[in-house]
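Text of model-v5.cif, listed as mmCIF, C-alpha atoms:
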data_run
loop_
_atom_site.label_atom_id
_atom_site.label_comp_id
_atom_site.auth_asym_id
_atom_site.auth_seq_id
_atom_site.Cartn_x
_atom_site.Cartn_y
_atom_site.Cartn_z
CA MET A 1 -22.43 5.51 255.37
CA PRO A 2 -23.06 6.92 258.86
CA ILE A 3 -26.50 6.61 260.42
CA ASP A 4 -28.71 9.22 258.73
CA LEU A 5 -30.82 10.24 261.69
CA TYR A 6 -30.48 10.10 265.46
CA ARG A 7 -34.00 10.74 266.72
CA ILE A 8 -35.65 11.20 270.12
CA ASP A 9 -39.29 10.14 269.85
CA ASP A 10 -41.46 8.86 272.69
CA ARG A 11 -43.48 6.75 270.23
CA LEU A 12 -40.30 4.96 269.13
CA ILE A 13 -41.40 3.04 266.00
CA HIS A 14 -44.43 4.57 264.28
CA GLY A 15 -45.65 6.07 261.02
CA GLN A 16 -43.49 9.19 261.03
CA VAL A 17 -40.34 7.15 261.55
CA VAL A 18 -41.02 4.18 259.29
CA VAL A 19 -42.81 6.03 256.48
CA GLY A 20 -42.33 9.79 257.02
CA TRP A 21 -38.54 9.57 257.33
CA GLY A 22 -38.00 6.01 256.18
CA GLN A 23 -39.28 6.54 252.64
CA PRO A 24 -37.32 9.68 251.69
CA LEU A 25 -34.15 8.41 253.40
CA ASN A 26 -34.62 4.97 251.84
CA THR A 27 -34.05 3.56 255.30
CA ALA A 28 -33.00 -0.08 255.35
CA PHE A 29 -32.62 -0.52 259.12
CA ILE A 30 -33.71 1.02 262.39
CA VAL A 31 -31.81 0.76 265.66
CA LEU A 32 -34.15 1.06 268.64
CA VAL A 33 -32.22 1.90 271.80
CA ASP A 34 -34.23 1.37 274.96
CA ASP A 35 -33.19 -0.58 278.04
CA ASP A 36 -36.71 -1.88 278.71
CA VAL A 37 -37.60 -2.83 275.14
CA ALA A 38 -34.25 -4.48 274.45
CA THR A 39 -34.63 -6.82 277.42
CA CYS A 40 -38.25 -7.88 276.86
CA ASP A 41 -39.21 -10.44 274.20
CA TRP A 42 -42.80 -9.20 274.03
CA GLU A 43 -41.78 -5.56 273.51
CA ARG A 44 -39.30 -6.52 270.81
CA ASP A 45 -41.95 -8.55 268.99
CA LEU A 46 -44.38 -5.62 269.28
CA TYR A 47 -42.02 -3.20 267.57
CA ARG A 48 -40.78 -5.79 265.09
CA MET A 49 -44.38 -6.01 263.83
CA GLY A 50 -44.27 -2.26 263.23
CA VAL A 51 -41.66 -2.30 260.49
CA PRO A 52 -42.12 -3.56 256.94
CA PRO A 53 -40.49 -6.89 256.08
CA GLU A 54 -37.83 -5.29 253.91
CA MET A 55 -36.58 -3.15 256.82
CA ASP A 56 -34.30 -4.57 259.52
CA ILE A 57 -34.78 -3.58 263.15
CA PHE A 58 -32.12 -3.99 265.82
CA PHE A 59 -32.71 -3.67 269.55
CA ASP A 60 -30.10 -2.42 271.97
CA THR A 61 -29.71 -1.26 275.53
CA VAL A 62 -27.65 1.89 275.85
CA GLU A 63 -24.67 -0.23 276.81
CA SER A 64 -24.94 -2.60 273.86
CA ALA A 65 -25.67 0.29 271.47
CA ILE A 66 -22.40 1.92 272.48
CA GLN A 67 -20.61 -1.35 271.73
CA ASN A 68 -22.45 -1.95 268.44
CA HIS A 69 -22.53 1.60 267.09
CA ALA A 70 -19.39 1.28 264.96
CA ARG A 71 -20.94 -1.74 263.21
CA TYR A 72 -24.17 0.13 262.51
CA ALA A 73 -22.27 3.17 261.26
CA ALA A 74 -20.21 0.98 258.94
CA ASP A 75 -23.32 -0.55 257.38
CA PRO A 76 -23.50 0.75 253.78
CA ARG A 77 -27.30 0.93 253.99
CA PRO A 78 -29.16 4.04 255.26
CA GLY A 79 -30.25 3.72 258.89
CA ILE A 80 -32.12 5.53 261.66
CA LEU A 81 -31.39 5.28 265.39
CA VAL A 82 -34.22 6.16 267.78
CA THR A 83 -34.52 6.57 271.54
CA GLY A 84 -37.70 7.23 273.50
CA ASP A 85 -36.35 9.98 275.72
CA ILE A 86 -33.61 12.58 276.00
CA ALA A 87 -31.80 10.87 278.87
CA THR A 88 -31.27 7.71 276.83
CA MET A 89 -29.86 9.69 273.89
CA ARG A 90 -27.62 11.68 276.22
CA ARG A 91 -26.21 8.48 277.78
CA LEU A 92 -25.69 7.03 274.31
CA ALA A 93 -24.00 10.16 272.95
CA ALA A 94 -21.69 10.20 275.97
CA GLY A 95 -20.36 6.82 274.84
CA VAL A 96 -20.42 7.49 271.09
CA PRO A 97 -18.53 10.69 270.20
CA ALA A 98 -19.55 10.24 266.53
CA ILE A 99 -23.07 11.38 267.39
CA ASP A 100 -22.93 15.09 266.66
CA GLN A 101 -26.50 15.84 265.58
CA VAL A 102 -29.75 14.80 267.23
CA ASN A 103 -33.30 15.27 266.02
CA VAL A 104 -36.10 15.81 268.55
CA GLY A 105 -39.02 14.29 266.70
CA GLY A 106 -41.74 13.87 269.29
CA LEU A 107 -42.02 14.35 273.06
CA HIS A 108 -45.70 14.58 273.79
CA HIS A 109 -47.80 15.98 276.59
CA ARG A 110 -47.75 14.31 279.98
CA GLY A 111 -47.76 15.50 283.57
CA GLY A 112 -45.05 18.00 284.41
CA ARG A 113 -44.28 18.88 280.80
CA GLU A 114 -44.93 22.22 279.12
CA GLU A 115 -45.51 22.78 275.42
CA ARG A 116 -42.51 24.17 273.53
CA LEU A 117 -43.56 23.16 270.04
CA ARG A 118 -46.69 21.40 268.79
CA TYR A 119 -44.89 18.07 269.11
CA VAL A 120 -42.35 18.89 271.82
CA PHE A 121 -43.35 19.12 275.49
CA LEU A 122 -40.57 19.38 278.07
CA SER A 123 -40.27 19.01 281.83
CA ALA A 124 -37.55 20.79 283.80
CA ASP A 125 -35.54 17.54 283.78
CA ASP A 126 -36.03 17.19 280.01
CA GLU A 127 -34.74 20.73 279.51
CA ARG A 128 -31.71 20.08 281.70
CA GLU A 129 -30.95 16.89 279.75
CA LEU A 130 -31.19 18.76 276.45
CA ARG A 131 -28.83 21.48 277.67
CA GLU A 132 -26.35 18.87 278.87
CA LEU A 133 -26.53 17.08 275.54
CA ALA A 134 -25.91 20.36 273.70
CA ALA A 135 -23.06 21.27 276.05
CA SER A 136 -21.35 18.01 275.10
CA GLY A 137 -21.08 19.27 271.51
CA VAL A 138 -24.20 17.76 269.97
CA THR A 139 -26.29 19.98 267.69
CA ILE A 140 -29.95 19.60 268.63
CA THR A 141 -32.83 20.46 266.34
CA ALA A 142 -36.52 19.64 266.37
CA GLN A 143 -38.33 18.44 263.25
CA ASP A 144 -41.20 15.98 263.29
CA VAL A 145 -41.27 15.19 259.55
CA PRO A 146 -38.86 15.94 256.69
CA ALA A 147 -41.18 18.51 255.10
CA ALA A 148 -41.36 20.58 258.30
CA ASP A 149 -39.00 23.41 259.24
CA ARG A 150 -36.06 22.46 261.41
CA VAL A 151 -36.14 24.32 264.74
CA GLY A 152 -32.96 25.11 266.67
CA LEU A 153 -32.46 24.50 270.37
CA ALA A 154 -32.75 28.18 271.28
CA GLU A 155 -36.18 28.35 269.75
CA ILE A 156 -37.24 25.06 271.33
CA LEU A 157 -36.31 26.46 274.73
CA GLY A 158 -37.92 29.81 274.03
CA GLU A 159 -34.68 31.72 273.96
CA SER A 160 -33.48 34.03 271.23
CA ALA A 161 -30.59 32.77 269.16
CA GLU A 162 -28.70 35.88 270.28
CA SER A 163 -28.93 34.93 273.94
CA GLN A 164 -27.36 31.54 273.17
CA LYS A 165 -24.15 33.07 271.85
CA MET B 1 -85.14 3.78 261.67
CA SER B 2 -87.47 5.62 264.01
CA ASN B 3 -86.16 8.53 266.04
CA SER B 4 -87.73 6.97 269.13
CA GLU B 5 -85.43 3.95 269.04
CA PRO B 6 -82.51 4.09 271.45
CA PRO B 7 -79.15 4.66 269.80
CA ALA B 8 -77.14 1.53 269.04
CA PRO B 9 -74.32 0.93 271.52
CA VAL B 10 -70.78 1.81 270.57
CA ALA B 11 -69.12 -1.24 269.01
CA GLY B 12 -65.80 -0.01 267.70
CA ILE B 13 -63.03 2.54 268.09
CA VAL B 14 -61.30 3.96 265.02
CA SER B 15 -57.84 5.39 265.62
CA GLY B 16 -55.09 6.68 263.36
CA HIS B 17 -53.14 9.63 262.08
CA GLY B 18 -54.52 13.15 261.71
CA THR B 19 -58.25 13.19 260.97
CA PHE B 20 -58.24 9.61 259.67
CA ALA B 21 -60.83 8.44 262.22
CA GLU B 22 -63.00 11.53 261.96
CA GLY B 23 -63.09 11.30 258.18
CA LEU B 24 -63.94 7.61 258.05
CA ILE B 25 -66.67 7.90 260.68
CA SER B 26 -68.09 10.89 258.85
CA GLY B 27 -68.21 8.76 255.69
CA VAL B 28 -69.90 5.88 257.52
CA ASP B 29 -72.49 8.22 258.96
CA GLN B 30 -73.19 9.89 255.63
CA ILE B 31 -73.78 6.55 253.94
CA THR B 32 -75.54 4.60 256.70
CA GLY B 33 -76.47 6.90 259.55
CA LEU B 34 -74.66 4.44 261.82
CA GLY B 35 -71.56 6.50 262.55
CA GLY B 36 -72.68 6.66 266.17
CA ILE B 37 -71.56 3.11 266.89
CA LEU B 38 -67.98 4.17 266.22
CA VAL B 39 -65.77 6.46 268.31
CA GLY B 40 -62.75 8.15 266.75
CA ILE B 41 -59.41 8.87 268.40
CA SER B 42 -56.62 10.75 266.64
CA ASN B 43 -53.05 9.93 267.61
CA ARG B 44 -52.15 13.58 267.03
CA ASP B 45 -50.57 15.20 270.09
CA PHE B 46 -50.46 11.95 272.08
CA GLY B 47 -47.39 10.04 273.19
CA GLY B 48 -47.66 6.27 273.05
CA GLN B 49 -48.68 5.85 276.69
CA GLU B 50 -51.23 8.63 276.52
CA LEU B 51 -52.80 7.23 273.35
CA GLU B 52 -53.06 3.80 274.96
CA ALA B 53 -54.68 5.33 278.07
CA GLN B 54 -57.16 7.20 275.89
CA MET B 55 -58.12 3.99 274.07
CA ARG B 56 -58.49 2.07 277.33
CA ASP B 57 -60.71 4.80 278.72
CA VAL B 58 -63.04 4.75 275.70
CA LEU B 59 -63.18 0.94 275.71
CA LYS B 60 -64.15 0.98 279.37
CA ARG B 61 -66.71 3.77 279.04
CA THR B 62 -68.43 2.47 275.94
CA GLY B 63 -68.05 -1.29 276.06
CA ALA B 64 -66.66 -1.28 272.52
CA ALA B 65 -64.85 -4.49 271.61
CA ALA B 66 -63.23 -3.72 268.25
CA LEU B 67 -60.25 -1.49 267.48
CA PHE B 68 -59.71 -0.27 263.92
CA THR B 69 -56.38 1.37 263.09
CA ASP B 70 -54.62 2.65 260.00
CA LEU B 71 -50.97 1.62 259.57
CA PRO B 72 -49.90 -1.78 260.92
CA GLY B 73 -46.80 -0.06 262.32
CA GLY B 74 -48.44 3.18 263.47
CA SER B 75 -48.64 4.36 267.05
CA ALA B 76 -52.38 3.59 267.22
CA THR B 77 -51.68 -0.02 266.30
CA ILE B 78 -48.83 -0.26 268.80
CA ALA B 79 -51.15 1.07 271.54
CA ALA B 80 -53.93 -1.31 270.49
CA ARG B 81 -51.62 -4.32 270.57
CA ARG B 82 -50.65 -3.41 274.14
CA ILE B 83 -54.35 -3.36 275.06
CA LEU B 84 -54.96 -6.75 273.44
CA ARG B 85 -52.27 -8.23 275.62
CA ASP B 86 -54.37 -7.87 278.80
CA THR B 87 -57.92 -7.30 277.57
CA PRO B 88 -59.75 -10.47 276.56
CA GLY B 89 -62.51 -10.15 274.02
CA VAL B 90 -61.08 -7.19 272.14
CA ILE B 91 -60.21 -7.57 268.45
CA LEU B 92 -57.85 -5.40 266.38
CA VAL B 93 -58.10 -4.72 262.66
CA THR B 94 -55.34 -2.75 260.91
CA GLY B 95 -55.35 -1.18 257.46
CA THR B 96 -58.89 0.08 257.99
CA ASN B 97 -60.78 1.60 255.07
CA LEU B 98 -64.30 2.90 254.48
CA GLY B 99 -65.62 -0.27 252.85
CA LEU B 100 -64.44 -2.28 255.83
CA LEU B 101 -66.20 -0.04 258.34
CA LEU B 102 -69.41 0.04 256.33
CA ASP B 103 -69.57 -3.75 256.48
CA PHE B 104 -68.79 -3.72 260.20
CA VAL B 105 -71.52 -1.30 261.25
CA PHE B 106 -74.18 -3.38 259.51
CA HIS B 107 -73.13 -6.62 261.27
CA ALA B 108 -71.74 -5.51 264.64
CA HIS B 109 -75.00 -6.32 266.41
CA GLU B 110 -74.59 -9.97 265.37
CA GLY B 111 -71.26 -10.27 267.20
CA VAL B 112 -68.41 -7.80 267.13
CA ALA B 113 -65.52 -10.22 266.65
CA GLU B 114 -67.07 -12.07 263.73
CA ALA B 115 -68.29 -8.79 262.24
CA ALA B 116 -64.75 -7.41 262.42
CA ARG B 117 -63.25 -10.51 260.78
CA GLN B 118 -65.82 -10.41 257.99
CA ALA B 119 -65.35 -6.65 257.57
CA ALA B 120 -61.61 -7.13 257.13
CA GLU B 121 -62.30 -9.42 254.17
CA ARG B 122 -64.62 -6.80 252.68
CA GLY B 123 -62.00 -4.13 253.23
CA ARG B 124 -59.40 -6.14 251.33
CA ALA B 125 -61.83 -6.66 248.47
CA CYS B 126 -62.40 -2.91 248.23
CA ILE B 127 -58.84 -2.31 247.09
CA THR B 128 -58.66 -2.54 243.33
CA VAL B 129 -56.40 -1.12 240.66
CA SER B 130 -57.67 -0.12 237.23
CA GLU B 131 -55.62 1.17 234.34
CA ALA B 132 -56.64 2.82 231.13
CA PRO B 133 -56.15 0.59 228.05
#
Can you give me the file's structure in the form of C-alpha coordinates?
Amino acid sequence: MPIDLYRIDDRLIHGQVVVGWGQPLNTAFIVLVDDDVATCDWERDLYRMGVPPEMDIFFDTVESAIQNHARYAADPRPGILVTGDIATMRRLAAGVPAIDQVNVGGLHHRGGREERLRYVFLSADDERELRELAASGVTITAQDVPAADRVGLAEILGESAESQK
Amino acid sequence: MSNSEPPAPVAGIVSGHGTFAEGLISGVDQITGLGGILVGISNRDFGGQELEAQMRDVLKRTGAAALFTDLPGGSATIAARRILRDTPGVILVTGTNLGLLLDFVFHAHEGVAEAARQAAERGRACITVSEAP
(Lines of atoms letter the chains of each structure in order from A and count residues from 1; the text may use other names and numbers.)
(Lines give C-alpha, C1' and ligand atoms only; values in the text may rest on other atoms or scores of the structure.)
Protein backbone atom coordinates (compact mmCIF):
# COMPACT_ATOMS: atom_id res chain seq x y z
CA MET A 1 0.00 0.00 0.00
CA PRO A 2 1.43 3.43 -0.87
CA ILE A 3 1.76 6.07 1.83
CA ASP A 4 -1.74 7.44 2.48
CA LEU A 5 -0.87 11.06 3.11
CA TYR A 6 2.02 13.36 2.27
CA ARG A 7 1.52 16.34 4.57
CA ILE A 8 3.18 19.72 5.06
CA ASP A 9 2.64 20.82 8.66
CA ASP A 10 4.87 23.16 10.66
CA ARG A 11 3.88 21.39 13.89
CA LEU A 12 5.14 18.07 12.48
CA ILE A 13 3.81 15.49 14.98
CA HIS A 14 0.74 16.68 16.90
CA GLY A 15 -2.89 15.90 17.62
CA GLN A 16 -4.27 16.48 14.13
CA VAL A 17 -1.69 14.14 12.60
CA VAL A 18 -1.61 11.37 15.19
CA VAL A 19 -5.31 11.36 16.11
CA GLY A 20 -7.19 13.49 13.54
CA TRP A 21 -5.75 11.67 10.52
CA GLY A 22 -4.15 8.71 12.26
CA GLN A 23 -7.39 7.25 13.61
CA PRO A 24 -9.52 7.29 10.43
CA LEU A 25 -6.58 6.16 8.27
CA ASN A 26 -5.63 3.51 10.83
CA THR A 27 -2.10 4.80 10.55
CA ALA A 28 0.56 2.36 11.71
CA PHE A 29 3.65 4.48 10.99
CA ILE A 30 4.70 8.07 10.47
CA VAL A 31 7.74 9.18 8.50
CA LEU A 32 9.02 12.54 9.73
CA VAL A 33 11.29 14.15 7.14
CA ASP A 34 13.33 17.03 8.53
CA ASP A 35 17.07 17.54 8.23
CA ASP A 36 17.38 19.08 11.71
CA VAL A 37 15.18 16.61 13.58
CA ALA A 38 16.69 13.57 11.88
CA THR A 39 20.19 14.52 12.98
CA CYS A 40 19.45 15.42 16.61
CA ASP A 41 18.90 12.73 19.27
CA TRP A 42 16.97 15.10 21.53
CA GLU A 43 14.57 16.17 18.77
CA ARG A 44 13.96 12.57 17.75
CA ASP A 45 13.19 11.61 21.35
CA LEU A 46 10.84 14.60 21.65
CA TYR A 47 8.74 13.54 18.67
CA ARG A 48 8.97 9.85 19.54
CA MET A 49 7.19 10.70 22.81
CA GLY A 50 4.40 12.24 20.74
CA VAL A 51 3.20 9.05 19.10
CA PRO A 52 1.33 6.21 20.79
CA PRO A 53 3.30 3.01 21.46
CA GLU A 54 1.48 1.05 18.77
CA MET A 55 2.55 3.53 16.07
CA ASP A 56 6.04 3.45 14.54
CA ILE A 57 7.87 6.67 13.76
CA PHE A 58 10.79 6.91 11.36
CA PHE A 59 13.10 9.90 11.03
CA ASP A 60 14.77 10.89 7.79
CA THR A 61 16.69 13.71 6.21
CA VAL A 62 15.50 14.57 2.73
CA GLU A 63 18.39 12.58 1.32
CA SER A 64 17.70 9.45 3.37
CA ALA A 65 13.94 9.75 2.76
CA ILE A 66 14.55 9.64 -0.98
CA GLN A 67 16.61 6.48 -0.49
CA ASN A 68 14.11 4.87 1.91
CA HIS A 69 10.86 5.89 0.23
CA ALA A 70 10.43 2.69 -1.77
CA ARG A 71 10.67 0.67 1.46
CA TYR A 72 8.05 2.84 3.17
CA ALA A 73 5.76 2.66 0.15
CA ALA A 74 6.07 -1.13 0.09
CA ASP A 75 5.06 -1.42 3.74
CA PRO A 76 1.60 -3.07 3.79
CA ARG A 77 0.55 -0.91 6.74
CA PRO A 78 -1.04 2.55 6.31
CA GLY A 79 1.45 5.39 6.75
CA ILE A 80 1.75 9.18 6.80
CA LEU A 81 4.79 11.20 5.70
CA VAL A 82 5.13 14.72 7.10
CA THR A 83 7.48 17.63 6.47
CA GLY A 84 7.56 20.92 8.36
CA ASP A 85 7.77 23.22 5.35
CA ILE A 86 7.10 23.40 1.63
CA ALA A 87 10.76 23.52 0.61
CA THR A 88 11.46 20.17 2.28
CA MET A 89 8.49 18.53 0.55
CA ARG A 90 9.53 20.03 -2.79
CA ARG A 91 13.08 18.66 -2.42
CA LEU A 92 11.67 15.28 -1.45
CA ALA A 93 9.18 15.17 -4.33
CA ALA A 94 11.97 16.06 -6.75
CA GLY A 95 13.70 12.82 -5.76
CA VAL A 96 10.57 10.68 -5.44
CA PRO A 97 8.42 10.82 -8.60
CA ALA A 98 5.80 8.62 -6.89
CA ILE A 99 4.69 11.59 -4.80
CA ASP A 100 1.84 13.00 -6.85
CA GLN A 101 -0.43 14.49 -4.17
CA VAL A 102 0.50 16.70 -1.24
CA ASN A 103 -1.68 17.93 1.60
CA VAL A 104 -1.01 21.34 3.14
CA GLY A 105 -2.19 20.77 6.68
CA GLY A 106 -0.83 23.67 8.68
CA LEU A 107 1.48 26.62 8.00
CA HIS A 108 0.81 29.11 10.74
CA HIS A 109 1.33 32.81 11.19
CA ARG A 110 4.83 34.19 11.49
CA GLY A 111 6.64 37.26 10.23
CA GLY A 112 6.42 37.79 6.49
CA ARG A 113 3.49 35.42 5.99
CA GLU A 114 -0.03 36.40 4.95
CA GLU A 115 -3.20 34.48 5.75
CA ARG A 116 -4.59 32.43 2.86
CA LEU A 117 -6.74 30.06 4.88
CA ARG A 118 -7.40 29.87 8.62
CA TYR A 119 -4.54 27.39 8.95
CA VAL A 120 -2.40 28.38 5.96
CA PHE A 121 -0.20 31.49 6.02
CA LEU A 122 2.27 31.97 3.16
CA SER A 123 5.28 34.16 2.48
CA ALA A 124 6.33 35.06 -1.06
CA ASP A 125 8.95 32.29 -0.89
CA ASP A 126 6.34 29.80 0.35
CA GLU A 127 4.09 30.70 -2.58
CA ARG A 128 6.94 30.30 -5.06
CA GLU A 129 7.79 26.90 -3.57
CA LEU A 130 4.16 25.78 -3.85
CA ARG A 131 3.97 26.86 -7.49
CA GLU A 132 7.20 25.01 -8.27
CA LEU A 133 5.90 21.90 -6.55
CA ALA A 134 2.67 22.10 -8.56
CA ALA A 135 4.58 22.72 -11.79
CA SER A 136 6.46 19.47 -11.21
CA GLY A 137 3.17 17.58 -11.51
CA VAL A 138 2.14 17.32 -7.87
CA THR A 139 -1.49 18.02 -7.01
CA ILE A 140 -1.62 20.30 -3.98
CA THR A 141 -4.62 20.68 -1.72
CA ALA A 142 -5.12 22.14 1.74
CA GLN A 143 -7.11 20.30 4.41
CA ASP A 144 -6.32 20.47 8.11
CA VAL A 145 -8.52 17.55 9.24
CA PRO A 146 -10.36 14.79 7.35
CA ALA A 147 -13.80 16.27 8.09
CA ALA A 148 -12.88 19.63 6.54
CA ASP A 149 -13.35 20.58 2.89
CA ARG A 150 -10.35 20.05 0.65
CA VAL A 151 -9.18 23.33 -0.89
CA GLY A 152 -7.40 23.45 -4.25
CA LEU A 153 -4.21 25.37 -4.95
CA ALA A 154 -5.99 28.11 -6.92
CA GLU A 155 -8.17 28.90 -3.95
CA ILE A 156 -5.23 28.75 -1.54
CA LEU A 157 -3.43 31.32 -3.66
CA GLY A 158 -6.52 33.46 -4.08
CA GLU A 159 -6.87 32.79 -7.77
CA SER A 160 -9.96 31.56 -9.56
CA ALA A 161 -9.82 28.03 -10.86
CA GLU A 162 -10.46 29.49 -14.31
CA SER A 163 -7.30 31.57 -14.23
CA GLN A 164 -5.25 28.45 -13.49
CA LYS A 165 -6.26 26.74 -16.73
CA MET B 1 -12.16 35.13 50.92
CA SER B 2 -12.32 38.88 51.39
CA ASN B 3 -12.35 41.15 48.36
CA SER B 4 -9.59 43.20 49.98
CA GLU B 5 -7.07 40.35 49.79
CA PRO B 6 -4.62 40.58 46.93
CA PRO B 7 -5.20 38.07 44.16
CA ALA B 8 -3.18 34.87 44.39
CA PRO B 9 -0.22 34.79 42.00
CA VAL B 10 -0.46 32.82 38.79
CA ALA B 11 0.84 29.30 39.40
CA GLY B 12 0.05 27.39 36.24
CA ILE B 13 -0.50 27.60 32.51
CA VAL B 14 -3.11 25.41 30.84
CA SER B 15 -2.62 24.82 27.13
CA GLY B 16 -4.28 22.59 24.56
CA HIS B 17 -6.52 22.31 21.56
CA GLY B 18 -9.43 24.64 20.79
CA THR B 19 -11.04 26.06 23.93
CA PHE B 20 -9.69 23.25 26.14
CA ALA B 21 -7.85 25.67 28.45
CA GLU B 22 -10.62 28.25 28.55
CA GLY B 23 -13.21 25.61 29.41
CA LEU B 24 -11.19 23.98 32.16
CA ILE B 25 -10.26 27.30 33.77
CA SER B 26 -13.88 28.37 33.58
CA GLY B 27 -14.83 25.17 35.40
CA VAL B 28 -12.15 25.72 38.06
CA ASP B 29 -13.35 29.26 38.62
CA GLN B 30 -17.00 28.26 38.84
CA ILE B 31 -16.24 25.62 41.47
CA THR B 32 -13.52 27.34 43.51
CA GLY B 33 -13.21 30.98 42.50
CA LEU B 34 -9.50 30.28 42.00
CA GLY B 35 -9.41 30.30 38.21
CA GLY B 36 -7.24 33.40 38.40
CA ILE B 37 -4.15 31.43 39.34
CA LEU B 38 -4.28 29.72 35.95
CA VAL B 39 -3.63 31.24 32.52
CA GLY B 40 -4.97 29.56 29.40
CA ILE B 41 -3.30 29.36 26.00
CA SER B 42 -4.96 27.76 22.99
CA ASN B 43 -2.73 26.16 20.37
CA ARG B 44 -5.22 27.27 17.71
CA ASP B 45 -3.62 29.41 15.00
CA PHE B 46 -0.09 28.96 16.36
CA GLY B 47 2.79 27.13 14.74
CA GLY B 48 5.02 25.16 17.07
CA GLN B 49 7.61 27.91 17.51
CA GLU B 50 5.00 30.58 18.07
CA LEU B 51 3.17 28.49 20.67
CA GLU B 52 6.44 27.87 22.51
CA ALA B 53 7.23 31.61 22.44
CA GLN B 54 3.78 32.40 23.80
CA MET B 55 4.24 29.94 26.68
CA ARG B 56 7.70 31.30 27.49
CA ASP B 57 6.33 34.83 27.54
CA VAL B 58 3.53 33.94 29.98
CA LEU B 59 5.93 31.98 32.20
CA LYS B 60 8.25 34.97 32.34
CA ARG B 61 5.51 37.54 32.93
CA THR B 62 3.63 35.62 35.59
CA GLY B 63 6.23 33.50 37.35
CA ALA B 64 4.08 30.40 36.82
CA ALA B 65 5.98 27.16 37.28
CA ALA B 66 3.55 24.47 36.12
CA LEU B 67 2.42 23.63 32.58
CA PHE B 68 -0.76 21.60 32.08
CA THR B 69 -1.45 20.22 28.60
CA ASP B 70 -3.99 17.92 26.99
CA LEU B 71 -2.60 15.24 24.67
CA PRO B 72 0.84 13.79 25.45
CA GLY B 73 1.63 14.09 21.73
CA GLY B 74 -0.09 17.42 21.07
CA SER B 75 1.67 20.58 19.96
CA ALA B 76 1.22 22.18 23.40
CA THR B 77 3.07 19.27 25.00
CA ILE B 78 5.81 19.39 22.38
CA ALA B 79 6.27 23.13 23.05
CA ALA B 80 6.25 22.56 26.83
CA ARG B 81 8.88 19.83 26.60
CA ARG B 82 11.14 22.25 24.69
CA ILE B 83 10.71 24.77 27.51
CA LEU B 84 11.53 22.17 30.17
CA ARG B 85 14.81 21.49 28.43
CA ASP B 86 16.26 24.90 29.39
CA THR B 87 14.00 26.18 32.18
CA PRO B 88 14.79 24.72 35.60
CA GLY B 89 11.98 24.57 38.11
CA VAL B 90 9.15 24.16 35.62
CA ILE B 91 7.00 21.02 35.76
CA LEU B 92 4.80 19.58 32.99
CA VAL B 93 1.63 17.56 33.46
CA THR B 94 -0.09 16.02 30.42
CA GLY B 95 -3.57 14.53 30.15
CA THR B 96 -4.99 17.36 32.24
CA ASN B 97 -8.59 17.16 33.44
CA LEU B 98 -10.84 19.23 35.68
CA GLY B 99 -10.36 17.11 38.79
CA LEU B 100 -6.61 17.45 38.43
CA LEU B 101 -6.74 21.24 38.19
CA LEU B 102 -9.14 21.55 41.11
CA ASP B 103 -6.66 19.71 43.31
CA PHE B 104 -3.80 21.85 42.03
CA VAL B 105 -5.36 25.23 42.72
CA PHE B 106 -6.03 24.29 46.35
CA HIS B 107 -2.41 23.22 46.98
CA ALA B 108 -0.32 25.39 44.66
CA HIS B 109 0.55 27.80 47.45
CA GLU B 110 2.25 24.95 49.33
CA GLY B 111 4.69 24.34 46.47
CA VAL B 112 3.88 24.17 42.79
CA ALA B 113 5.90 21.08 41.86
CA GLU B 114 4.54 18.90 44.65
CA ALA B 115 1.04 20.26 44.08
CA ALA B 116 1.29 19.33 40.40
CA ARG B 117 2.52 15.81 41.18
CA GLN B 118 -0.27 15.27 43.70
CA ALA B 119 -2.84 16.75 41.30
CA ALA B 120 -1.78 14.31 38.60
CA GLU B 121 -2.64 11.43 40.94
CA ARG B 122 -6.03 13.00 41.64
CA GLY B 123 -6.60 13.46 37.93
CA ARG B 124 -5.94 9.79 37.25
CA ALA B 125 -8.35 8.81 40.01
CA CYS B 126 -11.07 10.95 38.43
CA ILE B 127 -11.26 8.68 35.40
CA THR B 128 -13.76 5.93 36.02
CA VAL B 129 -15.94 3.73 33.86
CA SER B 130 -19.39 2.58 34.93
CA GLU B 131 -21.70 0.29 33.04
CA ALA B 132 -25.34 -0.49 33.51
CA PRO B 133 -25.98 -4.01 34.87
request  = Can you turn the PyMOL selection byres ((chain B) within 8 of (chain A)) into a concrete residue list for this file, as number ranges by chain?
outcome  = B: 45-48, 50, 71-75, 78, 81
request  = Can you pull out every residue within 12 Å of Gly89 of chain B, counting all atoms listed in the file, but drop anything in the same chain fewer than 6 positions away, and send it as a ChimeraX atom specification?
outcome  = /B:59,63-67,83,111-114
For segment 5-24 of chain A, I'd like the enclosing box, axis-aligned and padded by 5 Å on every side, reported as JSON with centre and edge lengths in Å to one decimal.
{"center_x": -38.1, "center_y": 7.1, "center_z": 262.2, "size_x": 25.2, "size_y": 18.2, "size_z": 31.0}
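Across the model, the gap from atom CA of Leu34 of chain B to atom CA of Val93 of chain B is 18.9 Å.
Reported to one decimal place, the separation of atom CA of Asp103 of chain B from atom CA of Thr32 of chain B is 10.3 Å.
We find atom CA of Ser136 of chain A and atom CA of Arg91 of chain A to be spaced 11.0 Å apart.
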inquiry  = Which residues are close to Leu51 of chain B, i.e. within 8 Å by all atoms listed in the file, leaving aside same-chain residues fewer than 6 positions away? Reply as a list in words.
reply    = Asn43, Ala76 and Ala79 of chain B
Close residues, segment 127-135 of chain A itself excluded, 9 Å, only C-alpha atoms, min 4 positions apart in chain, as a PyMOL selection string = chain A and resi 86-87+89-91+93-94+122-123+139-140+153+157
ask   = How would you write as JSON, numbers by chain the residues that get within 10 Å of (-71.7, 3.1, 271.6) in the file's frame, counting only C-alpha atoms?
value = {"B": [7, 8, 9, 10, 11, 12, 13, 35, 36, 37, 38, 39, 58, 59, 61, 62, 63, 64]}
